[in-house]
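Visitor: Can you keep this structure in mind? I'll have questions shortly.
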Amino acid sequence: MTYRWDGFHGRALYELNGLPNEVRDGPLLERLLDLLETPWDAVPERPGQTAIRHAFFGSNNEGMLTLLVDDEAETLRIIDILWMG
């Protein structure tokens with residue numbers, strides 16, 4: 001099953017603009033494509049809920065995505081990006 005990409009939330013879109021091109025077009029994009037195929041690979045923010053999830057990216061996991069996952073509609077949206085690299 002492949003989930004549909006639902007875009008970046010406003011805050012994540014702002015954060016995306018601050019990422020180096022090699023990060024945005026490399027590890028971030030690769031992780032996003034992986035998550036569309038396997039959204040359950042992201043960790044739920046709290047036990048018992050699955051809508052808000054976190055996933056790490058980058059060669060040393062120096063980036064973290066916060067995702068809004070709608071399992072019923074099979075969509076995924078990035079709501080926050082943190083890059084420590």
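We name chains A, B, ... following the order of the structure tokens; residues begin at 1 in each chain, and ligands are numbered from 1 as shown.
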Output as a count of residues only all residues of chain A that backbone DSSP marks as strand (DSSP E or B).

Guide: 30

Visitor: Near Asp6 in chain A, within 6 Å and counting only C-alpha atoms, which residues show up once chain neighbours fewer than 2 positions away are dropped, as a list in words?

Guide: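 After dropping sequence-adjacent residues, the list is Thr75, Leu76 and Arg77 of chain A.
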
Visitor: Those same residues - N, CA, C and O atoms - I'd like them written as a PDB file, in the first residue's frame.

Guide:
```
ATOM      1  N   THR A  75      -3.088   9.217   3.776  1.00  0.00           N
ATOM      2  CA  THR A  75      -2.312  10.398   3.418  1.00  0.00           C
ATOM      3  C   THR A  75      -1.271  10.676   4.488  1.00  0.00           C
ATOM      4  O   THR A  75      -1.410  10.257   5.635  1.00  0.00           O
ATOM      5  N   LEU A  76      -0.248  11.413   4.084  1.00  0.00           N
ATOM      6  CA  LEU A  76       0.843  11.771   4.970  1.00  0.00           C
ATOM      7  C   LEU A  76       1.206  13.231   4.719  1.00  0.00           C
ATOM      8  O   LEU A  76       1.360  13.635   3.567  1.00  0.00           O
ATOM      9  N   ARG A  77       1.331  14.009   5.791  1.00  0.00           N
ATOM     10  CA  ARG A  77       1.684  15.426   5.679  1.00  0.00           C
ATOM     11  C   ARG A  77       2.772  15.732   6.700  1.00  0.00           C
ATOM     12  O   ARG A  77       2.691  15.324   7.854  1.00  0.00           O
TER      13      ARG A  77
END
```

Visitor: Just asking: which residues within chain A are helix (DSSP H, G or I) according to DSSP, as a list of chain:residue names?

Guide: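 Helix (DSSP H, G or I) members of chain A, listed: A:Gly10, A:Arg11, A:Ala12, A:Leu13, A:Tyr14, A:Glu15, A:Leu16, A:Asn17, A:Asn21, A:Glu22, A:Val23, A:Arg24, A:Asp25, A:Gly26, A:Pro27, A:Leu28, A:Leu29, A:Glu30, A:Arg31, A:Leu32, A:Leu33, A:Asp34, A:Leu35, A:Leu36, A:Glu37, A:Pro39, A:Trp40, A:Asp41.
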
Visitor: So which residues touch His9 in chain A within 10 Å, counting only C-alpha atoms, skipping near sequence neighbours fewer than 3 positions away, as an MDAnalysis selection string?

Guide: chainID A and resid 6 12:15 67:68 77:80

Visitor: Kindly indicate which residue among A:Thr38, A:Arg4, A:Leu19, A:Gly85 lies nearest to Glu62 in chain A, using only C-alpha atoms for the distances.

Guide: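 Using only C-alpha atoms, the shortest distance to Glu62 in chain A belongs to A:Gly85.
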
Visitor: Between A:Leu28, A:Glu37, A:Asp71, A:Gly10, which has the minimum distance to Ala55 in chain A (counting only C-alpha atoms)?

Guide: A:Leu28

Visitor: My list of candidates is A:Asp70, A:Leu16, A:Met1, A:Asp41. Which is closest to Leu29 in chain A when distances are computed with only C-alpha atoms?

Guide: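 Comparing A:Asp70, A:Leu16, A:Met1, A:Asp41 against Leu29 in chain A, the winner is A:Leu16.
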
Visitor: Find the residue from A:Asn60, A:Val69, A:Glu45, A:Leu82 that sits nearest to Gly7 in chain A; use only C-alpha atoms when measuring.

Guide: A:Val69

Visitor: Using only C-alpha atoms, pick whichever of A:Ala51, A:Pro39, A:Arg46, A:Gly63 has the shortest atom-to-atom distance to Thr2 in chain A.

Guide: A:Pro39

Visitor: Please measure the separation of CA of Pro20 in chain A and CA of Trp83 in chain A, giving the value in Å to one decimal.

Guide: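 Between CA of Pro20 in chain A and CA of Trp83 in chain A the gap works out to 9.8 Å.
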
Visitor: Between CA of Tyr3 in chain A and CA of Leu36 in chain A, measure the distance and give it in Å to one decimal.

Guide: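 Atom-to-atom, CA of Tyr3 in chain A to CA of Leu36 in chain A, that is 4.9 Å.
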
Visitor: Rounded to one decimal, what separation in Å do you get between CA of Asn21 in chain A and CA of Met64 in chain A?

Guide: 16.5 Å
